[in-house]
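K.L.:
Just passing along the structure, written as structure tokens.
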Amino acid sequence: MKAGLKTVMLALAVMAAPALAGDVAPKVPIDRSKGECVLPGPEMRRQHMELLKHRRDATMYDGVRGGKVAFAACLNCHAVKGDDGKPVTVKSPQHFCRVCHDYTAVKVDCWSCHVSVPRDGAGKQALRPPHRGATDFAALKKYLKEGRK
Amino acid sequence: MTDTSLSGKARRDFIKAALATGGVLTLAPGLMLLTTGAGGEAAAADGKPAVDPKKRWGMLIDTTKCTDDCDKCVSACKEENGWQAEDGSLTDVQWIRKVNVKDPATGFAMSLPVMCQHCANPPCVDVCPTGASMQRVDGIVRVDMHICIGCRYCMMACPYKARSFVHEDIPEERKKPHAPMGKGCVTSCDMCAHRVDVGQIPACVEACDKGAMMFGDLNDPNAGISKRLAEIPTYEIRADLGLDLGVRYTRLP
């Protein structure tokens with residue numbers, strides 16, 4: 001009898017858990033047409049802060065820029081468009097970071113300094129240098145050797 | 001790294017040798033390795049480290065060409081790095097400023113841009129209690145705002161007043177993805193590290209149309225800047241402090 005009840009309870013729990021999670025737990029919005037995330041969802045959920053922190057130090061000390069694990073790349077795929085068709089800033093509860101962070105009541109400090117929406121060119125940092133005048137390595141090499149004429 | 005015939009130590013030695021020579025190396029068909037050799041090749045924004053300990057980035061400012069009515073370097077820096085300052089404000093953020101000086105005895109006047117001098121022995125790094133005030137191995141001195149607590153000790157220590165405190169929130173539209181800054185942190189010129197890392201020159205140097213600013217690797221004897229430094233007398237501001245500056249001027253008051 002006892003074992004039977006346990007089985008029933010367990011079955012109920014197994015049935016209820018995914019349904020409950022699906023209904024209540026937030027889902028991070030992602031535009032999959034731009035490719036897959038750097039890690040599968042469950043790993044991202046646990047490790048995104050480690051990735052960000054590692055990358056932050058790599059950029060500060062070693063000058064690592066662009067690539068797939070770049071802040072700008074996160075914004076590029078995860079941006080949510082608002083009613084006006086523009087990506088929403090972190091002021092909106094729809095912002096992809098806030099979707100989970102509001103739910104888990106974790107306050108992050110990133111956005112007091114960082115831009116929370118994708119900027120023209122910034123997301124493409126991964127592929128090529130984004131700023132004024134496309135980089136011409138030969139020209140730069142020449143400049144560094146001879147200076148401005 | 002996909003399938004190469006080299007493996008283990010042989011492969012590491014091979015790459016080491018390649019790094020020593022510098023340049024672009026074909027590892028396997030269709031697989032290239034771009035290195036930052038002493039030749040001046042620069043890294044791209046490819047998710048790989050761009051800082052090279054063999055380099056020391058520096059600037060040479062020709063004050064004979066700099067005029068007091070021009071502030072293109074300052075506006076270019078503001079635009080690039082997303083800061084703004086009211087004229088005469090002592091508290092606004094400033095990364096670079098124009099200083100006009102006049103010798104009262106002779107009436108001789110000149111103008112020069114002053115920014116972080118990127119000392120080899122930076123006092124701001126010495127005094128920082130958290131390690132936020134830092135020096136990259138290529139000589140660029142900057143603030144790691146992730147760990148800055150805003151104590152402003154570095155601002156007191158800097159003899160050049162190069163650092164400033166961000167007193168107010170930066171509006172979203174003024175924030176730059178490559179130069180984040182925010183309320184409660186100290187900030188200063190980082191010689192446009194985000195540009196240098198992807199093979200570009202700092203915004204102020206690019207903006208100067210008088211040819212008064214020169215940027216390059218002080219450790220490379222073949223670099224334009226090193227050759228120029230060897231040709232003409234140049235000076236450091238407050239050379240008496242012995243800080244070994246990365247920014248040098250052709251003429252000082």
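Residues in the structure tokens are numbered from 1 in each chain, the chains being A, B, ... in the order shown, and ligands are numbered from 1 in the order shown.
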Give the residues of chain B that lie within 6 Å of chain A; count only C-alpha atoms, and format the answer as an MDAnalysis selection string.

P.N.:
chainID B and resid 40 45:51 136 175 177 180:182 197 216 223:224

K.L.:
As a PyMOL selection string, which residues of stretch 47-219 of chain B does DSSP assign to alpha helix (DSSP H)?

P.N.:
chain B and resi 72-81+123-127+153-157+193-196+203-207

K.L.:
Generate the output file for the selected residues, N, CA and C atoms, as a CSV table (one decimal), in the first residue's frame.

P.N.:
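Wrote out.csv, looks like this:
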chain,number,residue,atom,x,y,z
B,72,LYS,N,40.3,69.0,-32.5
B,72,LYS,CA,39.8,67.8,-33.3
B,72,LYS,C,40.0,66.5,-32.5
B,73,CYS,N,41.2,66.5,-31.9
B,73,CYS,CA,41.6,65.3,-31.1
B,73,CYS,C,40.6,65.0,-30.0
B,74,VAL,N,40.2,66.2,-29.3
B,74,VAL,CA,39.3,66.1,-28.2
B,74,VAL,C,37.9,65.6,-28.7
B,75,SER,N,37.4,66.3,-29.7
B,75,SER,CA,36.1,65.9,-30.2
B,75,SER,C,36.0,64.5,-30.7
B,76,ALA,N,37.1,64.0,-31.4
B,76,ALA,CA,37.2,62.7,-31.9
B,76,ALA,C,37.1,61.7,-30.7
B,77,CYS,N,37.8,62.0,-29.6
B,77,CYS,CA,37.8,61.1,-28.5
B,77,CYS,C,36.5,61.0,-27.8
B,78,LYS,N,35.8,62.2,-27.7
B,78,LYS,CA,34.5,62.2,-27.1
B,78,LYS,C,33.5,61.3,-27.9
B,79,GLU,N,33.6,61.5,-29.2
B,79,GLU,CA,32.7,60.8,-30.1
B,79,GLU,C,33.0,59.3,-30.1
B,80,GLU,N,34.3,58.9,-30.0
B,80,GLU,CA,34.7,57.5,-30.0
B,80,GLU,C,34.3,56.8,-28.7
B,81,ASN,N,34.6,57.5,-27.6
B,81,ASN,CA,34.5,56.9,-26.3
B,81,ASN,C,33.3,57.3,-25.5
B,123,PRO,N,51.9,55.8,-11.1
B,123,PRO,CA,51.5,56.0,-9.7
B,123,PRO,C,50.1,55.5,-9.5
B,124,CYS,N,49.2,55.7,-10.5
B,124,CYS,CA,47.8,55.3,-10.3
B,124,CYS,C,47.7,53.8,-10.0
B,125,VAL,N,48.6,53.0,-10.7
B,125,VAL,CA,48.5,51.6,-10.5
B,125,VAL,C,49.1,51.2,-9.1
B,126,ASP,N,50.1,52.0,-8.7
B,126,ASP,CA,50.7,51.7,-7.3
B,126,ASP,C,49.7,51.9,-6.2
B,127,VAL,N,48.8,52.9,-6.3
B,127,VAL,CA,48.0,53.2,-5.2
B,127,VAL,C,46.7,52.5,-5.2
B,153,TYR,N,41.5,57.3,-5.5
B,153,TYR,CA,42.9,57.4,-5.0
B,153,TYR,C,43.8,57.6,-6.2
B,154,CYS,N,43.5,57.0,-7.3
B,154,CYS,CA,44.3,57.1,-8.5
B,154,CYS,C,44.3,58.5,-9.1
B,155,MET,N,43.1,59.2,-8.9
B,155,MET,CA,43.0,60.5,-9.4
B,155,MET,C,43.9,61.5,-8.6
B,156,MET,N,44.0,61.2,-7.3
B,156,MET,CA,44.9,62.0,-6.5
B,156,MET,C,46.4,61.7,-6.9
B,157,ALA,N,46.7,60.4,-7.2
B,157,ALA,CA,48.1,60.1,-7.5
B,157,ALA,C,48.6,60.5,-8.8
B,193,ALA,N,42.3,51.3,-26.7
B,193,ALA,CA,42.7,49.9,-26.6
B,193,ALA,C,41.8,49.0,-27.6
B,194,HIS,N,40.5,49.4,-27.7
B,194,HIS,CA,39.6,48.6,-28.5
B,194,HIS,C,40.0,48.7,-30.0
B,195,ARG,N,40.6,49.9,-30.3
B,195,ARG,CA,41.0,50.1,-31.7
B,195,ARG,C,42.4,49.5,-32.0
B,196,VAL,N,43.3,49.7,-31.0
B,196,VAL,CA,44.6,49.2,-31.2
B,196,VAL,C,44.6,47.6,-31.3
B,203,ALA,N,41.7,57.2,-31.9
B,203,ALA,CA,40.8,58.1,-32.6
B,203,ALA,C,41.5,59.5,-32.7
B,204,CYS,N,42.2,59.9,-31.6
B,204,CYS,CA,42.7,61.3,-31.6
B,204,CYS,C,43.8,61.4,-32.7
B,205,VAL,N,44.6,60.4,-32.8
B,205,VAL,CA,45.7,60.4,-33.8
B,205,VAL,C,45.1,60.4,-35.2
B,206,GLU,N,44.1,59.6,-35.4
B,206,GLU,CA,43.4,59.6,-36.7
B,206,GLU,C,42.8,60.9,-37.0
B,207,ALA,N,42.3,61.6,-36.0
B,207,ALA,CA,41.5,62.8,-36.3
B,207,ALA,C,42.4,64.0,-36.5

K.L.:
Would you work out the distance separating atom CA of B:Thr67 from atom CA of B:Arg248, expressed in Å to one decimal?

P.N.:
17.1 Å

K.L.:
Using only C-alpha atoms, find the one residue out of B:Gly82, B:Pro113, B:Pro122, B:Pro159 that sits nearest to B:Thr63.

P.N.:
B:Pro113

K.L.:
Kindly give the distance, in Å, that separates atom CA of B:Ser226 and atom CA of B:Trp57, rounded to a single decimal.

P.N.:
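So the two atoms, atom CA of B:Ser226 and atom CA of B:Trp57, lie 10.8 Å apart.
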
K.L.:
What is the atom CA of A:His78-atom CA of A:Pro29 distance in Å, reported with one decimal?

P.N.:
5.8 Å

K.L.:
Hey, what's within 12 Å of B:Arg152 if we count only C-alpha atoms and toss same-chain stuff fewer than 3 positions away? As JSON, numbers by chain, please?

P.N.:
{"B": [124, 125, 127, 128, 129, 130, 132, 133, 143, 148, 149, 155, 156, 157, 158, 161, 162, 163, 164, 165, 166, 167, 184, 185, 186, 187, 188]}

K.L.:
As a VMD selection string, list the residues of stretch 58-109 of chain B assigned to strand (DSSP E or B) by DSSP on the backbone atoms of this structure.

P.N.:
chain B and resid 58 to 61 96 to 102 109

K.L.:
Counting only C-alpha atoms, figure out which residue out of A:Ala105, A:Gly85, A:Arg45, A:Leu39 gets nearest to A:Lys27.

P.N.:
A:Arg45
